[in-house]
>>> print(open('coords20.txt').read())   # compact mmCIF, C-alpha atoms
# COMPACT_ATOMS: atom_id res chain seq x y z
CA MET A 1 0.00 0.00 0.00
CA GLY A 2 2.90 2.30 0.72
CA VAL A 3 3.42 5.17 3.11
CA ALA A 4 1.34 7.61 1.05
CA GLY A 5 -1.62 5.25 1.25
CA VAL A 6 -1.36 4.97 5.02
CA ILE A 7 -1.09 8.74 5.42
CA PHE A 8 -4.16 9.16 3.21
CA ASP A 9 -6.07 6.62 5.29
CA VAL A 10 -5.16 8.34 8.54
CA LEU A 11 -6.17 11.77 7.19
CA LEU A 12 -9.43 10.35 5.87
CA ALA A 13 -10.16 8.69 9.20
CA LEU A 14 -9.47 11.95 11.06
CA ALA A 15 -11.69 13.92 8.69
CA LEU A 16 -14.49 11.36 9.06
CA THR A 17 -14.24 11.44 12.84
CA TRP A 18 -14.38 15.23 12.86
CA LEU A 19 -17.37 15.28 10.52
CA ALA A 20 -19.19 12.67 12.60
CA TRP A 21 -18.52 14.80 15.67
CA GLN A 22 -19.89 17.85 13.86
CA ALA A 23 -22.93 15.94 12.62
CA THR A 24 -23.92 14.86 16.11
CA ARG A 25 -22.83 17.92 18.07
CA ALA A 26 -22.77 21.04 15.91
CA ALA A 27 -24.67 23.90 17.47
CA ASP A 28 -26.67 24.61 14.34
CA LEU A 29 -28.83 21.84 12.95
CA PHE A 30 -28.21 22.94 9.37
CA HIS A 31 -24.48 22.71 10.04
CA ALA A 32 -25.00 19.19 11.43
CA VAL A 33 -26.96 18.02 8.40
CA VAL A 34 -24.43 19.40 5.93
CA SER A 35 -21.63 17.77 7.92
CA PHE A 36 -23.49 14.49 7.67
CA ILE A 37 -23.81 14.80 3.89
CA VAL A 38 -20.09 15.52 3.54
CA PHE A 39 -19.46 12.59 5.88
CA GLY A 40 -21.37 10.35 3.47
CA LEU A 41 -19.34 11.59 0.50
CA LEU A 42 -16.01 11.04 2.27
CA MET A 43 -17.28 7.65 3.39
CA ALA A 44 -17.54 6.77 -0.32
CA LEU A 45 -13.79 7.42 -0.58
CA ALA A 46 -13.19 5.12 2.37
CA TRP A 47 -15.21 2.38 0.67
CA VAL A 48 -13.02 2.73 -2.41
CA ARG A 49 -9.92 2.41 -0.22
CA LEU A 50 -11.40 -0.77 1.24
CA GLU A 51 -11.93 -2.21 -2.25
CA ALA A 52 -15.69 -2.00 -2.15
CA PRO A 53 -16.55 0.17 -5.18
CA ASP A 54 -20.17 -1.03 -5.24
CA ILE A 55 -20.75 0.30 -1.74
CA ALA A 56 -18.97 3.52 -2.69
CA LEU A 57 -21.44 4.06 -5.55
CA ALA A 58 -24.42 3.23 -3.36
CA GLU A 59 -23.18 5.41 -0.51
CA ALA A 60 -22.60 8.41 -2.76
CA ALA A 61 -25.98 8.02 -4.49
CA ILE A 62 -28.22 6.75 -1.69
CA GLY A 63 -26.37 7.47 1.55
CA ALA A 64 -25.28 11.00 0.77
CA GLY A 65 -27.64 11.95 -2.08
CA ALA A 66 -31.06 10.62 -1.18
CA THR A 67 -30.63 10.85 2.61
CA GLY A 68 -29.21 14.35 2.22
CA ALA A 69 -32.20 15.49 0.18
CA LEU A 70 -34.58 13.96 2.74
CA LEU A 71 -32.77 15.58 5.68
CA LEU A 72 -32.58 19.00 4.07
CA SER A 73 -36.24 19.04 3.10
CA ALA A 74 -37.23 17.87 6.58
CA LEU A 75 -35.06 20.58 8.10
CA ASP A 76 -36.77 23.11 5.87
CA ARG A 77 -40.15 22.00 7.25
CA LEU A 78 -39.05 21.67 10.84
CA ALA A 79 -38.24 25.10 12.01
CA SER A 80 -37.57 28.64 11.10
CA ARG A 81 -34.04 29.82 11.51
CA GLU A 82 -34.62 31.51 14.86
CA ARG A 83 -36.26 28.46 16.31
CA ARG A 84 -33.48 26.28 15.01
CA ARG A 85 -30.95 28.49 16.72
CA ARG A 86 -32.61 27.82 20.04
CA LEU A 87 -32.21 24.08 19.59
CA LEU A 88 -28.58 24.17 20.52
CA TYR A 89 -26.93 20.99 21.54
CA GLU A 90 -26.78 20.63 25.26
CA PRO A 91 -23.63 18.80 26.16
CA GLY A 92 -24.11 15.98 28.61
CA ALA A 93 -22.90 16.90 32.07
CA ALA A 94 -21.46 13.49 32.80
CA TRP A 95 -18.22 13.85 30.85
CA GLY A 96 -16.38 12.25 33.76
CA PHE A 97 -18.45 9.16 33.12
CA TRP A 98 -18.55 9.24 29.35
CA ILE A 99 -14.87 9.66 28.57
CA PRO A 100 -13.65 6.60 30.51
CA ALA A 101 -16.72 4.57 29.59
CA GLY A 102 -16.42 5.48 25.93
CA GLY A 103 -12.69 4.75 25.98
CA ALA A 104 -13.23 1.34 27.55
CA LEU A 105 -16.01 0.50 25.11
CA LEU A 106 -13.84 1.66 22.23
CA GLY A 107 -10.92 -0.51 23.34
CA ALA A 108 -13.11 -3.54 23.88
CA LEU A 109 -14.84 -3.12 20.53
CA THR A 110 -11.61 -2.71 18.61
CA LEU A 111 -10.12 -5.73 20.33
CA ALA A 112 -13.23 -7.80 19.67
CA ALA A 113 -13.27 -6.73 16.03
CA TRP A 114 -9.59 -7.60 15.72
CA LYS A 115 -10.15 -11.06 17.19
CA LEU A 116 -13.18 -11.81 15.02
CA PRO A 117 -12.54 -14.75 12.76
CA ALA A 118 -12.63 -13.71 9.13
CA PRO A 119 -13.02 -16.93 7.21
CA GLY A 120 -14.74 -15.28 4.27
CA LEU A 121 -16.82 -16.79 1.54
CA GLY A 122 -14.62 -15.39 -1.22
CA ASN A 123 -13.53 -18.79 -2.50
CA GLU A 124 -17.06 -20.16 -2.56
CA VAL A 125 -18.39 -17.13 -4.42
CA ARG A 126 -15.58 -17.31 -6.94
CA ALA A 127 -16.16 -21.04 -7.49
CA ALA A 128 -19.87 -20.59 -8.15
CA LEU A 129 -19.51 -17.43 -10.25
CA GLY A 130 -19.45 -19.45 -13.48
CA VAL A 131 -23.01 -20.69 -13.06
CA SER A 132 -24.46 -17.49 -11.60
CA GLY A 133 -25.16 -15.88 -14.98
CA VAL A 134 -23.20 -12.68 -14.26
CA GLU A 135 -19.50 -11.92 -14.04
CA HIS A 136 -19.53 -9.46 -11.16
CA PRO A 137 -19.44 -11.24 -7.79
CA VAL A 138 -21.45 -8.62 -5.86
CA THR A 139 -24.30 -8.74 -8.38
CA ALA A 140 -24.14 -12.54 -8.28
CA VAL A 141 -24.53 -12.49 -4.49
CA LEU A 142 -27.28 -9.86 -4.57
CA LEU A 143 -29.50 -11.33 -7.26
CA ASN A 144 -28.60 -14.98 -7.31
CA PHE A 145 -27.00 -16.45 -4.20
CA ARG A 146 -28.75 -14.17 -1.72
CA ALA A 147 -31.69 -12.97 -3.78
CA LEU A 148 -33.94 -13.45 -0.75
CA ASP A 149 -32.17 -10.53 0.96
CA THR A 150 -32.84 -8.32 -2.03
CA LEU A 151 -36.48 -9.38 -2.09
CA LEU A 152 -36.93 -8.49 1.58
CA GLU A 153 -35.02 -5.25 1.14
CA ILE A 154 -37.32 -4.01 -1.62
CA GLY A 155 -40.19 -5.13 0.58
CA VAL A 156 -38.89 -2.89 3.37
CA LEU A 157 -38.53 0.04 0.97
CA LEU A 158 -42.10 -0.44 -0.23
CA LEU A 159 -43.29 -0.72 3.36
CA ALA A 160 -41.51 2.53 4.22
CA ALA A 161 -43.21 4.31 1.32
CA ILE A 162 -46.61 2.94 2.36
CA THR A 163 -46.01 3.98 5.97
CA ILE A 164 -45.10 7.51 4.97
CA TRP A 165 -48.05 7.83 2.63
CA SER A 166 -50.40 6.54 5.28
CA LEU A 167 -49.35 9.37 7.60
CA GLY A 168 -51.35 11.79 5.55
CA ARG A 169 -51.32 13.96 2.48
CA ALA A 170 -48.19 15.38 0.93
CA PRO A 171 -47.42 18.88 2.21
CA SER A 172 -49.17 21.55 0.23
CA PRO A 173 -46.27 23.54 -1.15
CA LEU A 174 -44.32 20.54 -2.29
CA ILE A 175 -41.46 22.60 -3.59
CA PRO A 176 -39.62 25.34 -1.71
CA ALA A 177 -41.05 28.79 -2.11
CA MET A 178 -38.13 30.32 -3.96
CA PRO A 179 -36.13 27.89 -6.01
CA SER A 180 -33.09 29.31 -7.68
CA PRO A 181 -33.88 30.90 -11.06
CA ALA A 182 -31.20 28.71 -12.63
CA LEU A 183 -32.71 25.52 -11.27
CA PRO A 184 -35.54 24.85 -13.76
CA ALA A 185 -33.30 25.22 -16.79
CA LEU A 186 -30.49 23.23 -15.20
CA GLY A 187 -32.88 20.52 -14.06
CA ARG A 188 -34.32 20.04 -17.53
CA LEU A 189 -30.84 20.01 -19.00
CA LEU A 190 -29.54 17.46 -16.52
CA PHE A 191 -32.43 15.02 -16.43
CA PRO A 192 -31.49 13.17 -19.66
CA VAL A 193 -27.97 12.79 -18.24
CA PHE A 194 -29.45 11.26 -15.07
CA VAL A 195 -31.42 8.78 -17.16
CA LEU A 196 -28.37 7.93 -19.26
CA VAL A 197 -26.16 7.39 -16.20
CA ALA A 198 -28.83 5.23 -14.58
CA ALA A 199 -29.14 3.04 -17.68
CA TYR A 200 -25.36 2.74 -17.93
CA LEU A 201 -25.00 1.74 -14.27
CA LEU A 202 -27.78 -0.81 -14.65
CA TRP A 203 -26.18 -2.42 -17.69
CA ARG A 204 -22.73 -2.36 -16.16
CA GLY A 205 -23.95 -4.24 -13.09
CA SER A 206 -23.55 -7.64 -14.72
CA HIS A 207 -19.79 -7.39 -15.12
CA ALA A 208 -18.53 -4.47 -13.03
CA PRO A 209 -19.52 -2.35 -10.02
CA GLY A 210 -22.94 -0.84 -10.61
CA GLY A 211 -26.33 -2.47 -10.76
CA ALA A 212 -29.87 -1.80 -9.73
CA PHE A 213 -29.26 0.09 -6.49
CA PRO A 214 -26.99 2.91 -7.67
CA ALA A 215 -28.98 3.11 -10.92
CA GLY A 216 -32.27 3.43 -9.05
CA ALA A 217 -30.81 6.02 -6.71
CA VAL A 218 -29.47 8.14 -9.57
CA LEU A 219 -32.81 8.01 -11.36
CA GLY A 220 -34.66 8.86 -8.15
CA ALA A 221 -32.32 11.80 -7.54
CA GLY A 222 -33.02 13.02 -11.07
CA ALA A 223 -36.75 12.85 -10.38
CA ILE A 224 -36.31 14.84 -7.14
CA LEU A 225 -34.30 17.43 -9.04
CA MET A 226 -37.09 17.74 -11.60
CA LEU A 227 -39.59 18.17 -8.77
CA LEU A 228 -37.48 20.95 -7.27
CA ALA A 229 -37.22 22.50 -10.70
CA GLY A 230 -41.00 22.86 -10.71
CA ALA A 231 -42.13 19.88 -12.76
CA ARG A 232 -45.53 18.54 -11.81
CA PRO A 233 -45.14 14.89 -10.91
CA TRP A 234 -47.51 12.46 -12.59
CA ILE A 235 -48.06 10.49 -9.41
CA ARG A 236 -51.62 11.19 -8.30
CA SER A 237 -53.56 9.26 -5.77
CA SER A 238 -56.89 9.39 -7.53
CA GLU A 239 -55.91 7.80 -10.79
CA ARG A 240 -55.05 4.20 -10.30
CA GLY A 241 -52.27 4.81 -12.73
CA PRO A 242 -49.38 2.66 -13.82
CA TRP A 243 -47.11 4.16 -11.18
CA ARG A 244 -48.57 1.97 -8.46
CA TRP A 245 -47.48 -1.00 -10.49
CA ILE A 246 -44.00 0.41 -10.97
CA LEU A 247 -43.70 0.99 -7.22
CA SER A 248 -44.33 -2.67 -6.54
CA LEU A 249 -42.81 -3.99 -9.76
CA GLY A 250 -39.46 -4.93 -8.17
CA LEU A 251 -41.08 -6.81 -5.31
CA VAL A 252 -43.58 -8.57 -7.56
CA MET A 253 -40.95 -9.62 -10.10
CA LEU A 254 -38.54 -10.92 -7.45
CA LEU A 255 -41.34 -12.78 -5.72
CA ALA A 256 -42.48 -14.24 -9.02
CA ALA A 257 -38.95 -15.34 -9.85
CA GLY A 258 -38.60 -16.99 -6.47
CA ILE A 259 -41.97 -18.75 -6.57
CA ALA A 260 -41.59 -19.84 -10.20
CA GLY A 261 -38.53 -21.85 -9.18
CA THR A 262 -40.47 -23.51 -6.39
CA LEU A 263 -43.34 -24.39 -8.71
CA ALA A 264 -40.90 -25.91 -11.19
CA GLY A 265 -39.76 -28.30 -8.49
CA GLN A 266 -36.58 -26.47 -7.60
CA ALA A 267 -35.54 -24.61 -4.48
CA PHE A 268 -36.84 -21.13 -3.70
CA PHE A 269 -34.93 -18.69 -5.95
CA GLU A 270 -33.21 -21.43 -7.87
CA TYR A 271 -33.13 -20.20 -11.45
CA PRO A 272 -33.53 -22.74 -14.26
CA PRO A 273 -30.11 -23.59 -15.69
CA GLY A 274 -28.99 -21.34 -18.51
CA THR A 275 -31.56 -18.63 -17.91
CA ALA A 276 -29.88 -16.94 -14.96
CA GLY A 277 -28.19 -14.19 -16.99
CA PRO A 278 -31.25 -12.74 -18.78
CA LEU A 279 -33.41 -13.32 -15.73
CA ILE A 280 -31.04 -11.34 -13.52
CA LEU A 281 -30.97 -8.49 -16.05
CA LEU A 282 -34.78 -8.45 -16.09
CA LEU A 283 -34.93 -8.44 -12.29
CA GLU A 284 -32.37 -5.65 -12.17
CA VAL A 285 -34.38 -3.45 -14.52
CA ALA A 286 -37.52 -4.04 -12.46
CA ALA A 287 -35.74 -3.44 -9.15
CA GLY A 288 -33.98 -0.34 -10.46
CA LEU A 289 -37.24 1.25 -11.67
CA SER A 290 -38.94 0.40 -8.39
CA ILE A 291 -36.10 1.78 -6.29
CA ALA A 292 -36.07 5.03 -8.27
CA LEU A 293 -39.78 5.59 -7.85
CA LEU A 294 -39.78 4.45 -4.21
CA LEU A 295 -37.02 6.90 -3.29
CA PHE A 296 -39.04 9.62 -5.02
CA ALA A 297 -42.11 8.47 -3.09
CA LEU A 298 -40.19 8.72 0.18
CA TYR A 299 -39.23 12.26 -0.71
CA LEU A 300 -42.86 13.32 -1.14
CA ARG A 301 -43.47 12.74 2.58
CA GLY A 302 -47.13 11.98 2.26
CA GLU A 303 -49.68 10.57 -0.07
CA PRO A 304 -49.80 12.72 -3.18
CA CYS A 305 -53.22 14.06 -3.95
CA GLU A 306 -54.96 15.30 -7.02
CA HIS A 307 -55.34 19.05 -6.89
CA GLY A 308 -51.99 20.69 -6.90
CA TYR A 309 -50.77 18.78 -3.84
CA ARG A 310 -53.00 20.52 -1.35
CA GLY A 311 -53.54 18.87 1.96
CA LYS A 312 -54.07 19.57 5.58
CA GLY A 313 -50.83 17.95 6.64
CA ARG A 314 -47.79 20.06 6.89
CA MET B 1 -5.57 -1.11 10.57
CA VAL B 2 -6.74 2.49 10.51
CA TYR B 3 -10.31 1.70 9.52
CA LEU B 4 -10.82 -0.77 12.34
CA SER B 5 -10.17 1.94 14.93
CA LEU B 6 -12.35 4.34 12.90
CA THR B 7 -15.15 1.78 13.26
CA GLY B 8 -14.81 1.90 17.04
CA VAL B 9 -14.63 5.70 17.18
CA LEU B 10 -17.70 6.15 14.97
CA PHE B 11 -19.59 3.52 16.94
CA VAL B 12 -18.98 5.27 20.24
CA LEU B 13 -19.75 8.71 18.75
CA GLY B 14 -22.99 7.44 17.27
CA LEU B 15 -24.03 5.60 20.41
CA HIS B 16 -23.32 8.58 22.65
CA GLY B 17 -25.24 10.89 20.33
CA LEU B 18 -28.15 8.48 20.11
CA PHE B 19 -28.55 8.32 23.86
CA THR B 20 -27.80 11.89 24.86
CA ALA B 21 -29.15 14.11 22.08
CA ARG B 22 -32.46 15.70 23.01
CA ASN B 23 -33.29 16.74 19.50
CA LEU B 24 -34.91 13.97 17.46
CA LEU B 25 -33.20 14.99 14.22
CA ARG B 26 -29.83 14.83 15.93
CA ARG B 27 -30.67 11.42 17.28
CA LEU B 28 -31.44 10.31 13.75
CA LEU B 29 -28.09 11.59 12.50
CA SER B 30 -26.36 9.70 15.31
CA LEU B 31 -28.25 6.56 14.36
CA ASN B 32 -27.04 6.94 10.78
CA ILE B 33 -23.45 7.31 11.94
CA LEU B 34 -23.89 4.23 14.11
CA THR B 35 -25.08 2.18 11.14
CA THR B 36 -22.20 3.45 9.03
CA SER B 37 -19.76 2.21 11.65
CA VAL B 38 -21.34 -1.23 11.54
CA PHE B 39 -21.10 -1.26 7.73
CA LEU B 40 -17.48 -0.27 8.05
CA LEU B 41 -16.82 -3.23 10.33
CA PHE B 42 -18.41 -5.58 7.78
CA VAL B 43 -16.32 -4.20 4.95
CA VAL B 44 -13.10 -4.25 6.95
CA MET B 45 -13.78 -7.90 7.78
CA ALA B 46 -14.39 -8.59 4.09
CA ARG B 47 -11.10 -6.89 3.27
CA LEU B 48 -9.16 -8.89 5.84
CA ALA B 49 -10.45 -12.21 4.50
CA GLU B 50 -7.89 -13.83 2.28
CA PRO B 51 -9.63 -13.72 -1.09
CA LEU B 52 -11.69 -10.52 -0.97
CA ASP B 53 -15.09 -11.56 0.39
CA ASN B 54 -18.04 -10.18 -1.62
CA VAL B 55 -20.88 -11.43 0.55
CA PRO B 56 -20.55 -8.65 3.18
CA HIS B 57 -20.47 -6.12 0.36
CA ALA B 58 -23.85 -7.30 -0.86
CA ILE B 59 -25.21 -7.29 2.69
CA VAL B 60 -23.98 -3.74 3.27
CA LEU B 61 -25.63 -2.63 0.01
CA THR B 62 -28.88 -4.06 1.33
CA GLY B 63 -28.24 -2.34 4.64
CA ILE B 64 -27.76 1.07 3.04
CA VAL B 65 -31.16 0.85 1.36
CA ILE B 66 -32.78 -0.28 4.62
CA THR B 67 -31.13 2.65 6.42
CA VAL B 68 -32.50 5.17 3.97
CA SER B 69 -36.00 3.68 4.39
CA THR B 70 -35.72 3.89 8.17
CA THR B 71 -34.44 7.44 8.00
CA ALA B 72 -37.24 8.50 5.67
CA VAL B 73 -39.97 7.06 7.90
CA ALA B 74 -38.40 8.54 11.02
CA LEU B 75 -38.06 11.95 9.37
CA ALA B 76 -41.68 11.90 8.28
CA LEU B 77 -42.70 11.09 11.86
CA VAL B 78 -40.46 13.82 13.29
CA VAL B 79 -41.94 16.41 10.94
CA ARG B 80 -45.49 15.36 11.90
CA ILE B 81 -44.65 15.47 15.62
CA ALA B 82 -43.10 18.90 15.29
CA GLY B 83 -46.11 20.18 13.34
CA ARG B 84 -48.53 18.90 15.96
CA MET B 85 -46.46 20.34 18.80
CA ARG B 86 -46.49 23.73 17.14
CA GLU B 87 -50.27 23.67 16.75
CA GLU B 88 -50.83 22.70 20.36
CA ASP B 89 -48.51 24.96 22.26
CA VAL B 90 -47.08 27.90 20.46
CA GLY B 91 -46.72 29.73 23.72
CA ALA B 92 -44.67 29.25 26.80
CA ALA B 93 -44.86 25.48 26.81
CA ALA B 94 -42.94 25.41 23.56
CA ASP B 95 -39.73 26.02 25.44
CA THR B 96 -40.06 22.98 27.61
CA ARG B 97 -41.26 20.71 24.86
CA GLY B 98 -39.05 22.10 22.17
CA ASP B 99 -36.69 19.17 22.69
CA VAL B 100 -38.99 17.06 20.54
CA GLU B 101 -38.33 19.11 17.49
>>> encode(input="coords20.txt", output="structure tokens")
Amino acid sequence: MGVAGVIFDVLLALALTWLAWQATRAADLFHAVVSFIVFGLLMALAWVRLEAPDIALAEAAIGAGATGALLLSALDRLASRERRRRLLYEPGAAWGFWIPAGGALLGALTLAAWKLPAPGLGNEVRAALGVSGVEHPVTAVLLNFRALDTLLEIGVLLLAAITIWSLGRAPSPLIPAMPSPALPALGRLLFPVFVLVAAYLLWRGSHAPGGAFPAGAVLGAGAILMLLAGARPWIRSSERGPWRWILSLGLVMLLAAGIAGTLAGQAFFEYPPGTAGPLILLLEVAAGLSIALLLFALYLRGEPCEHGYRGKGR
Amino acid sequence: MVYLSLTGVLFVLGLHGLFTARNLLRRLLSLNILTTSVFLLFVVMARLAEPLDNVPHAIVLTGIVITVSTTAVALALVVRIAGRMREEDVGAAADTRGDVE
């Protein structure tokens, strides 16, 4: 790795620690949220250093991008600036307790993590990669070996969207009162690029880092940008439109793929031999579309309604 | 390794914030930092395994999506709680109950 690499790692770790400290303890909430977003972006660098480029992509797109948008819009709703100022962090009085306790916990955790056995399934994954239908091991794990996890994960995302929508109507001014004058033009200009990048990431997933999750997140972020730029979303609660199907498309397709195997006399999520490649691509397209629309649905913070997004909820 | 100690530091920071912050949004940020530290542990373990282990990577990818769902639901709840609080007691009581916001 070399000395330069180690120095970079140490600097990155220090920066991450400082940002985490800021995110949990900054006096101003806005400051804390922005620190958290930067923390997510730097975390993506750390993932690259740890040879996990897939997680880096997902962290940058979902962790920093989507969560950042959610946090900022929530902050916008939460409080006016004066009120926010009054919500200063009150430091715990018991520093005499927390510093030794935290130090001891830290030492014990690091020691335990160091002693953890790390047998790894790398060899097994590599051995089975040939029959998985894709060349990229992470995609193989996600959509073939451990497809059940992916199924449940999309289920959780759908459940989250349903929970949020069941809380009430979407807030009545869905977009901030004064978007930047440059935003509408920029948003329209950038949206095709978002779609292109999403399609590229999706296609790349079969042989290199990428896949449904980053692709869905990028597409969802593009949709949020369009919303901020003043586009009227075509999701309405009154029309039983195709969007409800797209929301649940990923879950339905994964479930169908799993059950079809069972009906054909194989194990749950055992793909018929030879069809794994195309099937995984199909599932990825479905999951990517669903994830994009679900992230957008989360951003709406309420069930969208027909007439210009008016509602009693705030 | 540097990242292993970073895992511990972030874990303690997140845990302390989660338990001591009075503001719900801050608590949520701490929770997110806590999850990130757990992901970091997974990935460091994957890196230490002799051939690079891809299974934890996939699990962390799943975890990131679950985290964003949790955060979104919690944020929606926090915004609703804050809105209701404001309707009920705009006056003097707001100071004592402002910790919810």
>>> closest_atom_pairs(input="coords20.txt", of="chain B", to="chain A", cutoff="8 Å", atoms="only C-alpha atoms", output="Markdown table")
| residue | atom | partner | partner_atom | distance |
| --- | --- | --- | --- | --- |
| B:Val2 | CA | A:Val10 | CA | 6.4 |
| B:Tyr3 | CA | A:Ala13 | CA | 7.0 |
| B:Leu4 | CA | A:Thr110 | CA | 6.6 |
| B:Ser5 | CA | A:Thr110 | CA | 6.1 |
| B:Leu6 | CA | A:Ala13 | CA | 6.1 |
| B:Thr7 | CA | A:Thr110 | CA | 7.8 |
| B:Gly8 | CA | A:Leu106 | CA | 5.3 |
| B:Val9 | CA | A:Leu106 | CA | 6.5 |
| B:Leu10 | CA | A:Thr17 | CA | 6.7 |
| B:Val12 | CA | A:Gly102 | CA | 6.2 |
| B:Leu13 | CA | A:Trp21 | CA | 6.9 |
| B:Gly14 | CA | A:Thr24 | CA | 7.6 |
| B:Gly17 | CA | A:Thr24 | CA | 5.9 |
| B:Thr20 | CA | A:Gly92 | CA | 6.7 |
| B:Ala21 | CA | A:Tyr89 | CA | 7.2 |
| B:Arg22 | CA | A:Tyr89 | CA | 7.8 |
| B:Asn23 | CA | A:Leu87 | CA | 7.4 |
| B:Arg26 | CA | A:Thr24 | CA | 5.9 |
| B:Arg27 | CA | A:Thr24 | CA | 7.7 |
| B:Leu29 | CA | A:Thr24 | CA | 6.4 |
| B:Ser30 | CA | A:Thr24 | CA | 5.8 |
| B:Ile33 | CA | A:Ala20 | CA | 6.9 |
| B:Leu41 | CA | A:Ala113 | CA | 7.6 |
| B:Val43 | CA | A:Leu50 | CA | 7.1 |
| B:Val44 | CA | A:Leu50 | CA | 6.9 |
| B:Met45 | CA | A:Ala118 | CA | 6.1 |
| B:Ala46 | CA | A:Gly120 | CA | 6.7 |
| B:Arg47 | CA | A:Leu50 | CA | 6.5 |
| B:Leu48 | CA | A:Ala118 | CA | 6.8 |
| B:Ala49 | CA | A:Gly120 | CA | 5.3 |
| B:Glu50 | CA | A:Gly120 | CA | 7.3 |
| B:Pro51 | CA | A:Gly122 | CA | 5.3 |
| B:Leu52 | CA | A:Gly122 | CA | 5.7 |
| B:Asp53 | CA | A:Gly122 | CA | 4.2 |
| B:Asn54 | CA | A:Val138 | CA | 5.7 |
| B:Val55 | CA | A:Val141 | CA | 6.3 |
| B:His57 | CA | A:Ile55 | CA | 6.8 |
| B:Ala58 | CA | A:Leu142 | CA | 5.7 |
| B:Ile59 | CA | A:Asp149 | CA | 7.9 |
| B:Val60 | CA | A:Ile55 | CA | 7.2 |
| B:Leu61 | CA | A:Ile55 | CA | 6.0 |
| B:Thr62 | CA | A:Glu153 | CA | 6.3 |
| B:Ile64 | CA | A:Gly63 | CA | 6.7 |
| B:Val65 | CA | A:Glu153 | CA | 7.2 |
| B:Ile66 | CA | A:Glu153 | CA | 6.5 |
| B:Val68 | CA | A:Thr67 | CA | 6.1 |
| B:Ser69 | CA | A:Leu157 | CA | 5.6 |
| B:Thr70 | CA | A:Ala160 | CA | 7.1 |
| B:Thr71 | CA | A:Thr67 | CA | 7.4 |
| B:Ala72 | CA | A:Leu298 | CA | 6.2 |
| B:Val73 | CA | A:Ile164 | CA | 5.9 |
| B:Leu75 | CA | A:Ala74 | CA | 6.6 |
| B:Ala76 | CA | A:Arg301 | CA | 6.0 |
| B:Val79 | CA | A:Leu78 | CA | 6.0 |
| B:Arg80 | CA | A:Arg314 | CA | 7.2 |
| B:Ala82 | CA | A:Leu78 | CA | 6.6 |
| B:Gly83 | CA | A:Arg314 | CA | 6.7 |
| B:Gly98 | CA | A:Leu87 | CA | 7.6 |
| B:Asp99 | CA | A:Leu87 | CA | 7.3 |
| B:Glu101 | CA | A:Leu78 | CA | 7.2 |
>>> atom_distance(input="coords20.txt", atom1="CA of Ser248 in chain A", atom2="CA of Ala221 in chain A")
18.8 Å
>>> atom_distance(input="coords20.txt", atom1="CA of Ala287 in chain A", atom2="CA of Gly250 in chain A")
4.1 Å
>>> closest_residue(input="coords20.txt", among="A:Ala286, A:Ala223, A:Leu254, A:Leu228", to="Tyr271 in chain A", atoms="all atoms listed in the file")
A:Leu254
>>> atom_distance(input="coords20.txt", atom1="CA of Phe296 in chain A", atom2="CA of Ile259 in chain A")
28.6 Å
>>> residues_around(input="coords20.txt", residues="Glu284 in chain A", least_positions_apart="2", cutoff="8 Å", atoms="only C-alpha atoms", output="list of chain:residue names")
A:Leu202, A:Gly211, A:Ala212, A:Ile280, A:Leu281, A:Leu282, A:Ala286, A:Ala287, A:Gly288
>>> write_last_selection(input="coords20.txt", atoms="C-alpha atoms", output="PDB file, in the frame of the given file")
ATOM      1  CA  LEU A 202     -27.780  -0.810 -14.650  1.00  0.00           C
ATOM      2  CA  GLY A 211     -26.330  -2.470 -10.760  1.00  0.00           C
ATOM      3  CA  ALA A 212     -29.870  -1.800  -9.730  1.00  0.00           C
ATOM      4  CA  ILE A 280     -31.040 -11.340 -13.520  1.00  0.00           C
ATOM      5  CA  LEU A 281     -30.970  -8.490 -16.050  1.00  0.00           C
ATOM      6  CA  LEU A 282     -34.780  -8.450 -16.090  1.00  0.00           C
ATOM      7  CA  ALA A 286     -37.520  -4.040 -12.460  1.00  0.00           C
ATOM      8  CA  ALA A 287     -35.740  -3.440  -9.150  1.00  0.00           C
ATOM      9  CA  GLY A 288     -33.980  -0.340 -10.460  1.00  0.00           C
TER      10      GLY A 288
END
>>> residues_around(input="coords20.txt", residues="Gly261 in chain A", least_positions_apart="4", cutoff="12 Å", atoms="all atoms listed in the file", output="PyMOL selection string")
chain A and resi 254-257+265-273+275-276+279
